[in-house]
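Next comes my_file39.cif, a file with mmCIF, C-alpha atoms.
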data_model
loop_
_atom_site.label_atom_id
_atom_site.label_comp_id
_atom_site.auth_asym_id
_atom_site.auth_seq_id
_atom_site.Cartn_x
_atom_site.Cartn_y
_atom_site.Cartn_z
CA MET A 118 169.30 105.09 113.99
CA PHE A 119 170.43 101.53 114.78
CA GLN A 120 169.12 101.81 118.35
CA LYS A 121 165.68 102.94 117.13
CA LEU A 122 165.54 100.02 114.66
CA PHE A 123 166.67 97.63 117.40
CA HIS A 124 163.96 98.84 119.82
CA TRP A 125 161.36 98.68 117.06
CA ILE A 126 162.31 95.05 116.35
CA VAL A 127 162.66 93.64 119.88
CA GLY A 128 161.19 96.30 122.16
CA LYS A 129 162.91 98.52 124.68
CA PRO A 130 165.16 96.74 127.14
CA GLN A 131 164.18 96.87 130.77
CA PRO A 132 165.99 99.93 132.24
CA HIS A 133 166.84 98.33 135.60
CA TYR A 134 168.49 95.25 134.09
CA GLN A 135 172.25 94.93 134.34
CA LEU A 136 174.08 92.48 132.06
CA GLY A 137 175.44 89.42 133.77
CA ASN A 138 173.70 90.12 137.08
CA SER A 139 171.14 87.39 137.74
CA GLN A 140 169.90 89.22 140.85
CA SER A 141 168.44 91.96 138.65
CA CYS A 142 167.35 89.72 135.77
CA ILE A 143 163.62 89.93 135.21
CA PHE A 144 163.34 86.34 133.96
CA CYS A 145 165.22 84.96 136.98
CA ARG A 146 162.28 86.19 139.04
CA ALA A 147 160.02 83.64 137.31
CA TYR A 148 161.63 80.91 139.41
CA SER A 149 162.62 82.87 142.49
CA THR A 150 161.12 86.00 144.06
CA ASN A 151 158.15 87.38 142.07
CA ARG A 152 156.60 84.27 140.56
CA SER A 153 153.14 85.85 140.70
CA ASP A 154 154.25 88.34 138.03
CA PHE A 155 154.39 85.47 135.51
CA ASP A 156 151.65 83.37 133.92
CA ILE A 157 153.48 80.06 134.33
CA VAL A 158 152.22 77.30 132.01
CA TRP A 159 154.85 74.60 132.63
CA GLU A 160 157.64 73.90 135.11
CA ASP A 161 160.08 71.28 136.32
CA GLU A 162 163.28 71.36 138.40
CA VAL A 163 165.39 72.73 135.50
CA PHE A 164 163.08 74.87 133.33
CA VAL A 165 160.05 77.14 133.61
CA ALA A 166 157.72 78.34 130.84
CA PHE A 167 155.41 81.34 130.97
CA ARG A 168 153.27 83.42 128.62
CA ASP A 169 154.96 86.35 126.92
CA ILE A 170 153.60 89.67 128.23
CA ARG A 171 153.75 91.12 124.69
CA PRO A 172 152.77 88.14 122.52
CA SER A 173 153.63 88.22 118.85
CA ALA A 174 151.72 85.06 117.96
CA GLN A 175 148.46 83.34 118.83
CA ASP A 176 150.26 81.48 121.65
CA HIS A 177 153.65 82.91 122.68
CA ILE A 178 155.52 81.21 125.51
CA GLN A 179 158.98 81.92 126.91
CA LEU A 180 160.85 78.79 128.04
CA ILE A 181 163.87 79.51 130.25
CA PRO A 182 166.42 77.54 132.24
CA LYS A 183 166.36 78.07 135.99
CA THR A 184 170.06 78.83 135.78
CA HIS A 185 170.96 82.31 134.57
CA ILE A 186 172.57 82.13 131.11
CA ASP A 187 172.87 85.47 129.32
CA SER A 188 171.99 84.35 125.78
CA ILE A 189 172.32 81.83 122.97
CA LYS A 190 175.73 83.34 122.21
CA LYS A 191 177.07 81.94 125.50
CA LEU A 192 176.30 78.33 124.53
CA SER A 193 178.71 75.78 123.11
CA GLN A 194 178.70 72.18 121.94
CA LYS A 195 178.34 70.97 125.54
CA ASP A 196 174.92 72.66 125.71
CA VAL A 197 173.31 70.75 122.82
CA ASN A 198 171.44 68.36 125.12
CA MET A 199 169.96 71.30 127.03
CA LEU A 200 168.64 72.77 123.76
CA ARG A 201 167.25 69.39 122.70
CA ARG A 202 165.40 69.19 126.02
CA MET A 203 164.08 72.73 125.54
CA GLU A 204 162.82 71.73 122.08
CA GLU A 205 161.05 68.67 123.55
CA ILE A 206 159.42 70.80 126.25
CA GLY A 207 158.36 73.40 123.66
CA HIS A 208 156.66 70.73 121.55
CA SER A 209 155.02 69.27 124.65
CA ILE A 210 153.61 72.68 125.58
CA LEU A 211 152.30 73.26 122.04
CA ASP A 212 150.78 69.75 122.10
CA THR A 213 148.68 70.80 125.11
CA PHE A 214 147.36 73.71 123.00
CA ASN A 215 146.62 71.28 120.11
CA VAL A 216 148.90 73.22 117.75
CA PRO A 217 149.66 71.35 114.51
CA VAL A 218 153.37 70.86 113.79
CA SER A 219 153.06 73.04 110.67
CA LYS A 220 151.94 76.00 112.84
CA ARG A 221 154.85 75.88 115.33
CA LYS A 222 157.91 78.08 115.56
CA MET A 223 160.62 77.98 118.20
CA GLY A 224 163.85 79.90 118.38
CA PHE A 225 166.12 82.48 119.98
CA HIS A 226 166.92 86.14 119.36
CA ILE A 227 170.66 86.70 119.04
CA PRO A 228 172.33 89.61 120.86
CA PRO A 229 172.30 92.50 120.42
CA PHE A 230 168.77 91.86 119.09
CA ASN A 231 167.26 90.73 122.38
CA SER A 232 165.63 92.77 125.10
CA ILE A 233 166.13 90.37 128.03
CA HIS A 234 169.55 88.95 128.77
CA HIS A 235 168.48 85.53 129.99
CA LEU A 236 168.42 82.60 127.58
CA HIS A 237 164.81 82.15 126.48
CA LEU A 238 163.27 80.00 123.79
CA HIS A 239 160.32 81.60 122.02
CA VAL A 240 157.66 78.87 121.72
CA GLN A 241 154.98 80.09 119.33
CA SER A 242 151.84 78.90 117.61
CA LEU A 243 151.29 80.70 114.34
CA PRO A 244 149.96 82.85 112.82
CA TYR A 245 151.59 86.02 114.07
CA ILE A 246 149.20 88.69 115.23
CA SER A 247 150.45 91.07 112.52
CA PRO A 248 152.98 91.21 109.66
CA ILE A 249 155.09 93.58 111.79
CA HIS A 250 155.36 90.97 114.55
CA ARG A 251 156.42 88.35 111.99
CA LEU A 252 159.46 90.50 111.12
CA LYS A 253 160.85 89.94 114.64
CA TYR A 254 161.32 86.21 113.98
CA PRO A 255 162.83 85.74 110.50
CA PHE A 256 163.87 82.28 109.38
CA VAL A 257 166.93 82.59 107.14
CA ARG A 258 168.23 79.37 105.61
CA GLY A 259 171.92 78.70 105.53
CA PHE A 260 174.03 78.41 102.41
CA GLY A 261 177.41 77.00 101.44
CA GLY A 262 177.86 74.92 104.58
CA TYR A 263 176.21 77.40 106.93
CA GLU A 264 173.13 76.33 108.90
CA LYS A 265 171.80 79.87 109.24
CA GLY A 266 172.09 82.96 107.06
CA PHE A 267 172.41 86.56 108.29
CA SER A 268 169.62 86.98 110.86
CA TRP A 269 168.93 88.11 114.41
CA PHE A 270 166.84 84.98 115.03
CA ALA A 271 167.86 81.31 115.04
CA GLU A 272 165.30 78.56 115.02
CA ILE A 273 165.89 75.82 117.57
CA GLY A 274 166.96 73.24 114.98
CA GLN A 275 169.45 75.67 113.45
CA ALA A 276 170.90 76.47 116.88
CA ILE A 277 171.31 72.78 117.73
CA ARG A 278 173.04 71.96 114.42
CA ILE A 279 175.37 74.97 114.72
CA LEU A 280 176.42 74.00 118.25
CA GLU A 281 176.80 70.32 117.28
CA LYS A 282 179.43 71.40 114.74
CA GLY A 283 181.35 73.16 117.50
CA HIS A 284 180.43 76.67 116.29
CA ARG A 285 178.72 79.56 118.09
CA VAL A 286 175.33 81.03 117.20
CA THR A 287 175.79 84.59 115.90
CA VAL A 288 173.91 87.12 113.79
CA ALA A 289 176.33 86.44 110.92
CA PRO A 290 175.96 83.26 108.87
CA CYS A 291 177.04 80.28 110.94
#

Here is a file; write its structure as structure tokens.
Amino acid sequence: MFQKLFHWIVGKPQPHYQLGNSQSCIFCRAYSTNRSDFDIVWEDEVFVAFRDIRPSAQDHIQLIPKTHIDSIKKLSQKDVNMLRRMEEIGHSILDTFNVPVSKRKMGFHIPPFNSIHHLHLHVQSLPYISPIHRLKYPFVRGFGGYEKGFSWFAEIGQAIRILEKGHRVTVAPC
């Protein structure tokens, strides 16, 4: 039951992907072997951004580091500057699409609620293409000292504040 719900929320994982193996990571290919498989919209020496093949929003971009990092759960306080840079790049990309700040959403799915095990920031211009797609990216405010409530998605600002405090980003409140 849980697996069906998981696949309904984030989609089926790629069957040939092996955790922790950057050689078989689909997203690693965006900056190495099969670049033509990706619609790249932005790139520098450290990051690459490309259109999502199954967009949930009007514009849906994946922004990834060119170093294989499994997920947001692997990050710590030392990675805050990387996330700040990713946020800047995300806003820059949405600026090129003339997306008003009020129509922007950026964040990360938290394992096990992700289908690709390579850190990727969802950079989206709203609205979502359907109410079902909106459910994949819930914003849950924190409470009682927590930045984020129980959720499989953390917005970029939440993730930065959690890591700044020396905590890890998890599905549970943090």

### Task
Name the closest residue to Ala147 in chain A among the candidates A:Ser173, A:His208, A:His237, A:Gln194; distances are taken between atoms, counting all atoms listed in the file.
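Smallest separation from Ala147 in chain A among the options: A:His237.
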
### Task
Can you work out which one of A:Ser188, A:Ser153, A:Gln175, A:Ser232 has the shortest atom-to-atom distance to Leu211 in chain A, counting only C-alpha atoms?
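Using only C-alpha atoms, the shortest distance to Leu211 in chain A belongs to A:Gln175.
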
### Neighbours of point (169.9, 80.0, 119.6) within 6 Å, using only C-alpha atoms, written as a PyMOL selection string
chain A and resi 189+225+271+276

### Message
So the first atom is CA of Ile246 in chain A and the second is CA of Gly259 in chain A; what is the distance between them in Å, to one decimal place?
### Response
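About the pair CA of Ile246 in chain A and CA of Gly259 in chain A: they are 26.6 Å apart.
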
### Which residue of A:Glu272, A:Asp212, A:Glu160, A:Glu281 approaches Val257 in chain A most closely, using all atoms listed in the file
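Checking each of A:Glu272, A:Asp212, A:Glu160, A:Glu281 against Val257 in chain A, counting all atoms listed in the file, the winner is A:Glu272.
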
### Query
Quick one: which residues end up in the PyMOL selection byres ((chain A and resi 239) around 8) for this structure, as a ChimeraX atom specification?
/A:177-180,222-225,237-238,240-241

### Message
To one decimal place in Å, what is the distance between CA of Phe144 in chain A and CA of Lys220 in chain A?
### Response
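Value for the CA of Phe144 in chain A-CA of Lys220 in chain A distance: 26.1 Å.
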
### Task
Tell me which protein, DNA and RNA residues are within 8 Å of His185 in chain A, counting all atoms listed in the file, leaving out same-chain ones fewer than 3 positions away, and put them as a ChimeraX atom specification.
/A:139,145,182,235-236

### Task
Taking the file above as input, evaluate the PyMOL selection byres ((chain A and resi 265) around 9) and report the hits as a ChimeraX atom specification.
/A:256-260,263-264,266-268,271-272,275-276,279,286,288-291

### Distance query 12 Å from (159.7, 66.9, 118.9) using all atoms listed in the file, result as an MDAnalysis selection string
chainID A and resid 200:212 217:218 221:223 273:274

### Atomic separation - CA of Pro172 in chain A relative to CA of Val197 in chain A, Å
26.9 Å

## Note on the structure
From the list A:Val163, A:Arg171, A:Leu280, A:Phe155, the nearest residue to Tyr245 in chain A using only C-alpha atoms is A:Arg171

Test item: the PyMOL selection byres ((chain A and resi 193) around 7) resolved as a PDB file with C-alpha atoms, in the coordinates of the input:
ATOM      1  CA  LYS A 191     177.070  81.940 125.500  1.00  0.00           C
ATOM      2  CA  LEU A 192     176.300  78.330 124.530  1.00  0.00           C
ATOM      3  CA  GLN A 194     178.700  72.180 121.940  1.00  0.00           C
ATOM      4  CA  LYS A 195     178.340  70.970 125.540  1.00  0.00           C
ATOM      5  CA  ASP A 196     174.920  72.660 125.710  1.00  0.00           C
ATOM      6  CA  LEU A 280     176.420  74.000 118.250  1.00  0.00           C
ATOM      7  CA  GLY A 283     181.350  73.160 117.500  1.00  0.00           C
ATOM      8  CA  ARG A 285     178.720  79.560 118.090  1.00  0.00           C
TER       9      ARG A 285
END

### Task
Find the residue from A:Ile227, A:Val158, A:Ile277, A:Ile186 that sits nearest to Thr213 in chain A; use all atoms listed in the file when measuring.
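Nearest to Thr213 in chain A: A:Val158.
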
#### Entry: Residue nearest Asn215 in chain A among A:Leu243, A:Ile157, A:Ile143, A:Ile181 (counting only C-alpha atoms)
A:Leu243
